[in-house]
$ cat target.cif   # mmCIF, C-alpha atoms
data_my_file
loop_
_atom_site.label_atom_id
_atom_site.label_comp_id
_atom_site.auth_asym_id
_atom_site.auth_seq_id
_atom_site.Cartn_x
_atom_site.Cartn_y
_atom_site.Cartn_z
CA MET A 1 3.23 -5.41 51.98
CA SER A 2 4.81 -5.41 48.53
CA LEU A 3 4.49 -2.54 46.08
CA PRO A 4 4.69 -3.24 42.36
CA VAL A 5 8.15 -2.02 41.36
CA THR A 6 9.23 -3.12 37.90
CA PRO A 7 12.78 -4.24 37.06
CA GLN A 8 12.96 -1.17 34.78
CA ALA A 9 12.21 1.12 37.71
CA LEU A 10 14.91 -0.62 39.75
CA ILE A 11 17.42 -0.14 36.95
CA THR A 12 16.61 3.56 36.85
CA LEU A 13 16.87 3.85 40.62
CA LEU A 14 20.14 1.96 40.86
CA THR A 15 21.63 3.75 37.88
CA GLN A 16 20.81 7.09 39.45
CA GLY A 17 22.40 5.84 42.66
CA ALA A 18 25.53 4.90 40.75
CA ALA A 19 25.62 8.31 39.09
CA LEU A 20 25.28 10.02 42.45
CA ALA A 21 27.88 7.99 44.26
CA GLY A 22 30.17 6.93 41.43
CA ALA A 23 30.13 3.24 40.58
CA ASP A 24 33.68 2.69 41.86
CA SER A 25 33.17 4.54 45.10
CA PRO A 26 33.39 2.66 48.41
CA ALA A 27 29.87 3.82 49.14
CA PHE A 28 28.49 2.23 46.01
CA GLN A 29 30.50 -0.94 46.69
CA ALA A 30 28.80 -0.98 50.07
CA VAL A 31 25.46 -0.75 48.31
CA GLY A 32 26.50 -3.75 46.21
CA GLU A 33 27.41 -5.70 49.33
CA GLY A 34 24.11 -4.72 50.90
CA LEU A 35 22.26 -5.84 47.81
CA LYS A 36 24.14 -9.14 47.81
CA GLN A 37 23.33 -9.73 51.47
CA PHE A 38 19.70 -8.84 50.89
CA LEU A 39 19.36 -11.27 48.00
CA ASP A 40 21.32 -14.01 49.77
CA ASP A 41 19.09 -13.73 52.82
CA ARG A 42 16.02 -13.75 50.66
CA GLU A 43 17.13 -16.84 48.72
CA HIS A 44 18.18 -18.57 51.92
CA ALA A 45 14.78 -17.97 53.52
CA LYS A 46 13.00 -19.30 50.44
CA LEU A 47 15.22 -22.38 50.32
CA GLU A 48 14.74 -23.01 54.03
CA ALA A 49 10.96 -22.91 53.64
CA VAL A 50 11.06 -25.43 50.77
CA LEU A 51 13.40 -27.74 52.69
CA ALA A 52 11.30 -27.53 55.86
CA SER A 53 8.19 -28.50 53.93
CA ALA A 54 9.95 -31.45 52.26
CA ARG A 55 11.39 -32.56 55.61
CA SER A 56 8.01 -32.43 57.30
CA GLU A 57 6.39 -34.51 54.56
CA ARG A 58 9.24 -37.04 54.67
CA LYS A 59 9.15 -37.43 58.46
CA ALA A 60 5.38 -37.93 58.45
CA ALA A 61 5.55 -40.63 55.75
CA HIS A 62 8.49 -42.28 57.53
CA ASP A 63 6.79 -42.33 60.94
CA GLU A 64 3.63 -43.80 59.47
CA ALA A 65 5.44 -46.53 57.53
CA GLN A 66 7.55 -47.42 60.57
CA SER A 67 4.52 -47.63 62.84
CA LYS A 68 2.67 -49.86 60.40
CA LEU A 69 5.47 -52.31 59.64
CA MET B 1 24.79 9.28 49.67
CA LYS B 2 23.07 7.53 52.51
CA ARG B 3 19.77 8.63 51.05
CA ALA B 4 20.62 6.97 47.73
CA MET B 5 21.62 3.75 49.44
CA LEU B 6 18.52 3.72 51.61
CA ALA B 7 16.31 4.43 48.64
CA MET B 8 17.77 1.51 46.73
CA MET B 9 17.48 -0.97 49.56
CA GLY B 10 14.06 0.33 50.50
CA ALA B 11 12.79 -0.08 46.98
CA LEU B 12 14.02 -3.66 46.90
CA ALA B 13 12.39 -4.46 50.21
CA LEU B 14 9.09 -2.86 49.27
CA ALA B 15 9.06 -4.34 45.83
CA GLY B 16 9.01 -7.94 46.97
CA CYS B 17 10.67 -8.33 43.63
CA LYS B 18 11.90 -11.64 42.41
CA THR B 19 15.59 -12.29 42.75
CA GLY B 20 15.75 -13.31 39.14
CA ASP B 21 14.36 -9.96 38.08
CA VAL B 22 16.95 -8.05 40.05
CA MET B 23 19.78 -10.30 38.94
CA SER B 24 18.80 -10.17 35.31
CA ALA B 25 18.05 -6.49 35.22
CA GLY B 26 19.42 -4.21 37.92
CA SER B 27 22.49 -6.17 38.88
CA VAL B 28 23.61 -6.87 35.37
CA ALA B 29 23.07 -3.27 34.38
CA LEU B 30 25.32 -2.10 37.17
CA GLY B 31 27.96 -4.80 36.88
CA LEU B 32 27.05 -6.17 40.28
CA LEU B 33 26.37 -9.70 39.10
CA PRO B 34 29.60 -11.13 40.55
CA LEU B 35 28.48 -9.91 43.95
CA VAL B 36 25.11 -11.58 43.75
CA THR B 37 25.03 -15.28 44.48
CA ASN B 38 22.24 -17.80 44.62
CA ALA B 39 22.03 -20.49 47.32
CA THR B 40 21.41 -23.21 44.76
CA SER B 41 23.32 -21.77 41.86
CA LYS B 42 24.83 -24.29 39.49
CA PRO B 43 28.60 -24.50 39.56
CA ALA B 44 30.85 -25.00 36.59
CA PRO B 45 30.08 -28.09 34.51
CA GLY B 46 32.27 -31.05 35.30
CA SER B 47 32.82 -30.14 38.91
CA ALA B 48 31.61 -32.48 41.63
CA ALA B 49 29.15 -29.85 42.81
CA ALA B 50 27.40 -29.93 39.44
CA THR B 51 25.28 -32.82 40.72
CA MET B 52 23.95 -30.96 43.77
CA THR B 53 20.76 -28.99 43.30
CA LYS B 54 17.65 -28.33 45.29
CA GLU B 55 15.66 -30.05 42.54
CA ILE B 56 17.63 -33.30 42.83
CA PHE B 57 17.03 -33.29 46.56
CA LEU B 58 13.32 -32.58 46.18
CA ASP B 59 12.93 -35.32 43.55
CA THR B 60 14.59 -37.87 45.83
CA ASN B 61 12.55 -36.66 48.81
CA ARG B 62 9.36 -37.05 46.74
CA LEU B 63 10.34 -40.57 45.70
CA TYR B 64 11.03 -41.47 49.31
CA VAL B 65 7.65 -40.11 50.45
CA SER B 66 5.74 -42.02 47.77
CA THR B 67 7.64 -45.22 48.61
CA ALA B 68 6.90 -44.87 52.33
CA LYS B 69 3.23 -44.24 51.55
CA ARG B 70 3.15 -47.39 49.41
CA ILE B 71 4.42 -49.33 52.43
CA SER B 72 1.61 -47.97 54.60
CA ALA B 73 -0.96 -48.76 51.91
CA ALA B 74 0.39 -52.29 51.44
CA VAL B 75 0.03 -52.96 55.18
CA ASP B 76 -3.44 -51.43 55.21
CA ASN B 77 -4.69 -53.66 52.43
CA GLY B 78 -3.10 -56.81 53.80
CA ARG B 79 -0.30 -57.14 51.27
CA LEU B 80 2.37 -56.74 53.92
CA THR B 81 2.38 -57.98 57.50
CA LYS B 82 4.06 -56.40 60.48
CA ALA B 83 7.74 -57.22 60.98
CA TYR B 84 8.22 -60.03 63.48
CA SER B 85 11.91 -59.75 64.35
CA PRO B 86 12.16 -58.54 67.97
CA ASP B 87 14.54 -55.67 67.09
CA ALA B 88 12.14 -54.43 64.41
CA ARG B 89 9.43 -54.00 67.05
CA ARG B 90 11.59 -51.77 69.22
CA PRO B 91 10.84 -48.04 69.24
CA ASP B 92 14.52 -47.22 68.71
CA PHE B 93 14.78 -49.54 65.71
CA CYS B 94 16.17 -46.92 63.32
CA LYS B 95 18.89 -46.02 65.82
CA LEU B 96 19.82 -49.69 66.02
CA VAL B 97 19.92 -49.83 62.23
CA GLU B 98 22.15 -46.76 62.08
CA ALA B 99 24.50 -48.34 64.60
CA VAL B 100 24.46 -51.55 62.52
CA LEU B 101 23.12 -53.46 65.51
CA ALA B 102 19.63 -54.38 64.33
CA GLN B 103 19.06 -58.10 63.84
CA ILE B 104 16.43 -59.12 61.30
CA GLU B 105 15.44 -62.75 61.14
CA ASP B 106 15.71 -64.66 57.87
CA GLY B 107 12.44 -64.54 56.00
CA ASP B 108 11.18 -61.40 57.76
CA VAL B 109 10.48 -59.46 54.57
CA SER B 110 8.71 -56.67 56.44
CA GLY B 111 11.60 -56.40 58.89
CA LYS B 112 14.04 -55.99 56.02
CA LEU B 113 11.77 -53.43 54.39
CA LYS B 114 11.53 -51.57 57.67
CA ARG B 115 15.31 -51.50 57.90
CA LEU B 116 15.58 -50.21 54.33
CA ASP B 117 13.06 -47.50 55.17
CA CYS B 118 15.19 -46.34 58.12
CA GLN B 119 18.29 -46.25 55.92
CA ALA B 120 16.62 -44.51 52.99
CA GLU B 121 15.14 -41.82 55.23
CA LYS B 122 18.57 -41.26 56.76
CA ASP B 123 20.13 -41.01 53.29
CA VAL B 124 17.62 -38.38 52.19
CA SER B 125 18.16 -36.54 55.46
CA ASP B 126 21.92 -36.63 54.80
CA MET B 127 21.28 -35.18 51.33
CA GLU B 128 19.36 -32.32 52.91
CA ASP B 129 22.13 -31.63 55.42
CA ALA B 130 24.76 -31.74 52.68
CA LEU B 131 22.72 -29.36 50.53
CA GLY B 132 22.53 -26.93 53.44
CA ARG B 133 26.31 -27.11 53.95
CA GLY B 134 27.10 -26.95 50.23
CA ASP B 135 28.89 -30.30 50.49
CA ALA B 136 28.47 -31.77 47.00
CA VAL B 137 30.58 -34.87 47.64
CA THR B 138 28.51 -35.99 50.62
CA PHE B 139 25.34 -35.05 48.75
CA ALA B 140 26.26 -37.26 45.78
CA ALA B 141 27.20 -40.19 48.03
CA ALA B 142 23.94 -39.95 49.98
CA LYS B 143 21.98 -39.62 46.75
CA GLY B 144 23.61 -42.80 45.42
CA ARG B 145 22.75 -44.73 48.58
CA ALA B 146 19.18 -43.42 48.66
CA THR B 147 18.60 -44.36 45.03
CA GLY B 148 19.85 -47.90 45.61
CA ARG B 149 17.76 -48.42 48.72
CA LEU B 150 14.63 -46.95 47.17
CA ALA B 151 15.04 -49.32 44.21
CA GLU B 152 15.34 -52.26 46.63
CA MET B 153 12.26 -51.09 48.48
CA ASP B 154 10.37 -50.75 45.20
CA THR B 155 11.18 -54.36 44.33
CA VAL B 156 9.88 -55.65 47.67
CA ILE B 157 6.77 -53.46 47.67
CA SER B 158 5.94 -54.26 44.04
CA ALA B 159 6.08 -57.98 44.80
CA ALA B 160 3.84 -57.47 47.82
CA GLU B 161 1.40 -55.35 45.84
CA LYS B 162 0.98 -58.20 43.33
CA SER B 163 0.48 -60.80 46.03
CA THR B 164 -2.78 -62.08 47.44
CA PRO B 165 -3.92 -60.06 50.43
CA ILE B 166 -3.35 -61.70 53.78
CA LEU B 167 -6.46 -61.96 55.90
CA VAL B 168 -5.87 -59.63 58.81
CA THR B 169 -7.79 -60.41 61.98
CA PRO B 170 -8.02 -57.75 64.66
CA GLU B 171 -6.00 -58.47 67.77
CA THR B 172 -8.20 -59.38 70.70
CA SER B 173 -7.34 -58.91 74.32
CA PRO B 174 -7.40 -62.05 76.49
#
$ encode --input "target.cif" --output "structure tokens"
Amino acid sequence: MSLPVTPQALITLLTQGAALAGADSPAFQAVGEGLKQFLDDREHAKLEAVLASARSERKAAHDEAQSKL
Amino acid sequence: MKRAMLAMMGALALAGCKTGDVMSAGSVALGLLPLVTNATSKPAPGSAAATMTKEIFLDTNRLYVSTAKRISAAVDNGRLTKAYSPDARRPDFCKLVEAVLAQIEDGDVSGKLKRLDCQAEKDVSDMEDALGRGDAVTFAAAKGRATGRLAEMDTVISAAEKSTPILVTPETSP
């Protein structure tokens, strides 16, 4: 389930986090790494889904053409 | 501290927010942009990797699919016959092609088209693999080969599409 969180709300949340931890603190750097990993995983999953769909369509068209020729 | 970190990550997970939103807003605001990468981000102009994007792959994949479907349609409406070279009738034909062992008889237009189809599909598959590995050099080489083969296939199919349909009689068992 996804809740509607606006980019503005995220800025506020993250800025408050930075104020609490200190932007240069190892803890906040860890948050940055966590955020990076989260976004990388998310992008990777989206890319994988697109590639899988394209692959499936290609294989189906290929198999049909090969069987007909 | 942990609570702040958990709150941030939890909000992101619950939000289902778009990466672009976070990158453009939260990350930039906090100077985290260098930490955030995108799987298909565009590298510096002029570098070899500048030619590798998900969109280029998808465009080539789409062109391959439409070309293969035109082959099927051309056979269905009698504009193309089945390949008659013995190798082209083998189930492992594409493996033979890949190993450069497939023999296609002179004049077997469908056999040649079938071979091109094997090669083009392999080229697009190589593009996909290269995209996954981030290998821009291999991606560009495979893209070049795929484009050439798809153009050759288009020439053959276009000629067939303009030809008179061949009367196809159903095979009868003895």
$ interface_residues --input "target.cif" --of "chain A" --to "chain B" --cutoff "7 Å" --atoms "only C-alpha atoms" --output "MDAnalysis selection string"
chainID A and resid 1:5 7 10:11 13:15 17 21 31:33 36 39:40 43:44 54 58 61:62 64:66 68:69
$ write_last_selection --input "target.cif" --atoms "C-alpha atoms" --output "compact mmCIF listing (two decimals), keeping the file's coordinate frame"
# COMPACT_ATOMS: atom_id res chain seq x y z
CA MET A 1 3.23 -5.41 51.98
CA SER A 2 4.81 -5.41 48.53
CA LEU A 3 4.49 -2.54 46.08
CA PRO A 4 4.69 -3.24 42.36
CA VAL A 5 8.15 -2.02 41.36
CA PRO A 7 12.78 -4.24 37.06
CA LEU A 10 14.91 -0.62 39.75
CA ILE A 11 17.42 -0.14 36.95
CA LEU A 13 16.87 3.85 40.62
CA LEU A 14 20.14 1.96 40.86
CA THR A 15 21.63 3.75 37.88
CA GLY A 17 22.40 5.84 42.66
CA ALA A 21 27.88 7.99 44.26
CA VAL A 31 25.46 -0.75 48.31
CA GLY A 32 26.50 -3.75 46.21
CA GLU A 33 27.41 -5.70 49.33
CA LYS A 36 24.14 -9.14 47.81
CA LEU A 39 19.36 -11.27 48.00
CA ASP A 40 21.32 -14.01 49.77
CA GLU A 43 17.13 -16.84 48.72
CA HIS A 44 18.18 -18.57 51.92
CA ALA A 54 9.95 -31.45 52.26
CA ARG A 58 9.24 -37.04 54.67
CA ALA A 61 5.55 -40.63 55.75
CA HIS A 62 8.49 -42.28 57.53
CA GLU A 64 3.63 -43.80 59.47
CA ALA A 65 5.44 -46.53 57.53
CA GLN A 66 7.55 -47.42 60.57
CA LYS A 68 2.67 -49.86 60.40
CA LEU A 69 5.47 -52.31 59.64
$ atom_distance --input "target.cif" --atom1 "CA of Leu47 in chain A" --atom2 "CA of Glu55 in chain B"
10.9 Å
$ atom_distance --input "target.cif" --atom1 "CA of Ser158 in chain B" --atom2 "CA of Asp126 in chain B"
26.1 Å
$ residues_near_point --input "target.cif" --point "(19.6, -56.6, 68.0)" --cutoff "10 Å" --atoms "only C-alpha atoms" --output "NGL selection string"
:B and (85-88 or 90 or 93 or 96-97 or 100-104)
$ resolve_selection --input "target.cif" --expression "the PyMOL selection byres ((chain B and resi 135) around 12)" --output "NGL selection string"
:B and (40 or 48-53 or 126-134 or 136-142)
$ atom_distance --input "target.cif" --atom1 "CA of Leu116 in chain B" --atom2 "CA of Lys95 in chain B"
12.7 Å
$ closest_residue --input "target.cif" --among "B:Ile157, B:Glu98, B:Ser163, B:Gln119" --to "Arg145 in chain B" --atoms "all atoms listed in the file"
B:Gln119
$ decode --input "target.cif" --residues "range 114-129 of chain B" --atoms "all heavy atoms" --output "short mmCIF file (atom, residue, chain, number, x, y, z; two decimals), in the first residue's frame"
data_model
loop_
_atom_site.label_atom_id
_atom_site.label_comp_id
_atom_site.auth_asym_id
_atom_site.auth_seq_id
_atom_site.Cartn_x
_atom_site.Cartn_y
_atom_site.Cartn_z
N LYS B 114 15.34 -16.57 -42.50
CA LYS B 114 15.30 -17.28 -41.22
C LYS B 114 16.64 -17.14 -40.49
O LYS B 114 16.67 -16.96 -39.27
CB LYS B 114 14.97 -18.76 -41.48
CG LYS B 114 14.55 -19.55 -40.26
CD LYS B 114 14.00 -20.91 -40.63
CE LYS B 114 13.53 -21.64 -39.39
NZ LYS B 114 12.92 -22.94 -39.68
N ARG B 115 17.72 -17.21 -41.25
CA ARG B 115 19.04 -17.05 -40.64
C ARG B 115 19.21 -15.62 -40.10
O ARG B 115 19.71 -15.43 -38.97
CB ARG B 115 20.13 -17.34 -41.67
CG ARG B 115 21.55 -17.18 -41.11
CD ARG B 115 22.60 -17.65 -42.08
NE ARG B 115 22.56 -16.90 -43.33
CZ ARG B 115 23.14 -17.30 -44.46
NH1 ARG B 115 23.82 -18.42 -44.49
NH2 ARG B 115 23.06 -16.57 -45.56
N LEU B 116 18.77 -14.65 -40.88
CA LEU B 116 18.85 -13.26 -40.42
C LEU B 116 18.03 -13.05 -39.15
O LEU B 116 18.43 -12.31 -38.25
CB LEU B 116 18.33 -12.30 -41.51
CG LEU B 116 19.30 -11.96 -42.64
CD1 LEU B 116 18.55 -11.25 -43.77
CD2 LEU B 116 20.44 -11.09 -42.13
N ASP B 117 16.90 -13.71 -39.08
CA ASP B 117 16.03 -13.59 -37.90
C ASP B 117 16.74 -14.14 -36.66
O ASP B 117 16.67 -13.53 -35.59
CB ASP B 117 14.71 -14.32 -38.14
CG ASP B 117 13.80 -14.23 -36.94
OD1 ASP B 117 13.37 -13.11 -36.60
OD2 ASP B 117 13.54 -15.28 -36.30
N CYS B 118 17.41 -15.28 -36.82
CA CYS B 118 18.19 -15.84 -35.70
C CYS B 118 19.25 -14.82 -35.24
O CYS B 118 19.41 -14.58 -34.04
CB CYS B 118 18.93 -17.11 -36.11
SG CYS B 118 17.90 -18.53 -36.43
N GLN B 119 19.96 -14.27 -36.21
CA GLN B 119 21.07 -13.37 -35.88
C GLN B 119 20.56 -12.07 -35.25
O GLN B 119 21.14 -11.57 -34.28
CB GLN B 119 21.87 -13.06 -37.15
CG GLN B 119 22.60 -14.28 -37.68
CD GLN B 119 23.16 -14.06 -39.08
OE1 GLN B 119 22.54 -13.42 -39.93
NE2 GLN B 119 24.35 -14.60 -39.34
N ALA B 120 19.47 -11.54 -35.81
CA ALA B 120 18.95 -10.27 -35.28
C ALA B 120 18.44 -10.46 -33.84
O ALA B 120 18.67 -9.61 -32.98
CB ALA B 120 17.82 -9.76 -36.17
N GLU B 121 17.77 -11.59 -33.61
CA GLU B 121 17.27 -11.84 -32.25
C GLU B 121 18.43 -11.95 -31.26
O GLU B 121 18.37 -11.44 -30.15
CB GLU B 121 16.41 -13.11 -32.23
CG GLU B 121 15.49 -13.23 -31.02
CD GLU B 121 16.17 -13.66 -29.75
OE1 GLU B 121 17.15 -14.44 -29.81
OE2 GLU B 121 15.75 -13.22 -28.66
N LYS B 122 19.50 -12.61 -31.71
CA LYS B 122 20.68 -12.75 -30.86
C LYS B 122 21.32 -11.38 -30.60
O LYS B 122 21.76 -11.09 -29.48
CB LYS B 122 21.68 -13.69 -31.56
CG LYS B 122 23.02 -13.84 -30.87
CD LYS B 122 22.90 -14.70 -29.63
CE LYS B 122 24.24 -15.15 -29.08
NZ LYS B 122 25.15 -14.09 -28.75
N ASP B 123 21.35 -10.54 -31.61
CA ASP B 123 21.93 -9.20 -31.45
C ASP B 123 21.14 -8.39 -30.42
O ASP B 123 21.72 -7.72 -29.57
CB ASP B 123 21.93 -8.44 -32.79
CG ASP B 123 22.87 -9.06 -33.81
OD1 ASP B 123 23.84 -9.74 -33.39
OD2 ASP B 123 22.62 -8.88 -35.01
N VAL B 124 19.81 -8.46 -30.52
CA VAL B 124 18.98 -7.70 -29.57
C VAL B 124 19.15 -8.28 -28.16
O VAL B 124 19.21 -7.55 -27.17
CB VAL B 124 17.50 -7.69 -30.00
CG1 VAL B 124 16.66 -6.87 -29.02
CG2 VAL B 124 17.35 -7.11 -31.41
N SER B 125 19.26 -9.60 -28.10
CA SER B 125 19.50 -10.25 -26.80
C SER B 125 20.86 -9.81 -26.23
O SER B 125 20.98 -9.55 -25.02
CB SER B 125 19.46 -11.77 -27.01
OG SER B 125 19.69 -12.43 -25.82
N ASP B 126 21.85 -9.69 -27.09
CA ASP B 126 23.17 -9.21 -26.64
C ASP B 126 23.09 -7.77 -26.14
O ASP B 126 23.77 -7.40 -25.17
CB ASP B 126 24.19 -9.28 -27.80
CG ASP B 126 24.61 -10.71 -28.11
OD1 ASP B 126 24.31 -11.61 -27.31
OD2 ASP B 126 25.22 -10.92 -29.18
N MET B 127 22.25 -6.97 -26.80
CA MET B 127 22.06 -5.58 -26.34
C MET B 127 21.49 -5.58 -24.93
O MET B 127 21.91 -4.81 -24.07
CB MET B 127 21.09 -4.84 -27.27
CG MET B 127 21.66 -4.40 -28.60
SD MET B 127 20.39 -3.62 -29.63
CE MET B 127 20.16 -2.06 -28.79
N GLU B 128 20.52 -6.45 -24.72
CA GLU B 128 19.88 -6.51 -23.40
C GLU B 128 20.90 -6.92 -22.33
O GLU B 128 20.96 -6.31 -21.26
CB GLU B 128 18.72 -7.51 -23.43
CG GLU B 128 17.97 -7.56 -22.11
CD GLU B 128 16.92 -8.65 -22.06
OE1 GLU B 128 16.51 -9.17 -23.11
OE2 GLU B 128 16.50 -8.97 -20.94
N ASP B 129 21.69 -7.95 -22.65
CA ASP B 129 22.71 -8.39 -21.69
C ASP B 129 23.71 -7.28 -21.39
O ASP B 129 24.09 -7.06 -20.24
CB ASP B 129 23.45 -9.62 -22.24
CG ASP B 129 22.57 -10.84 -22.31
OD1 ASP B 129 21.49 -10.84 -21.68
OD2 ASP B 129 22.93 -11.81 -23.01
#
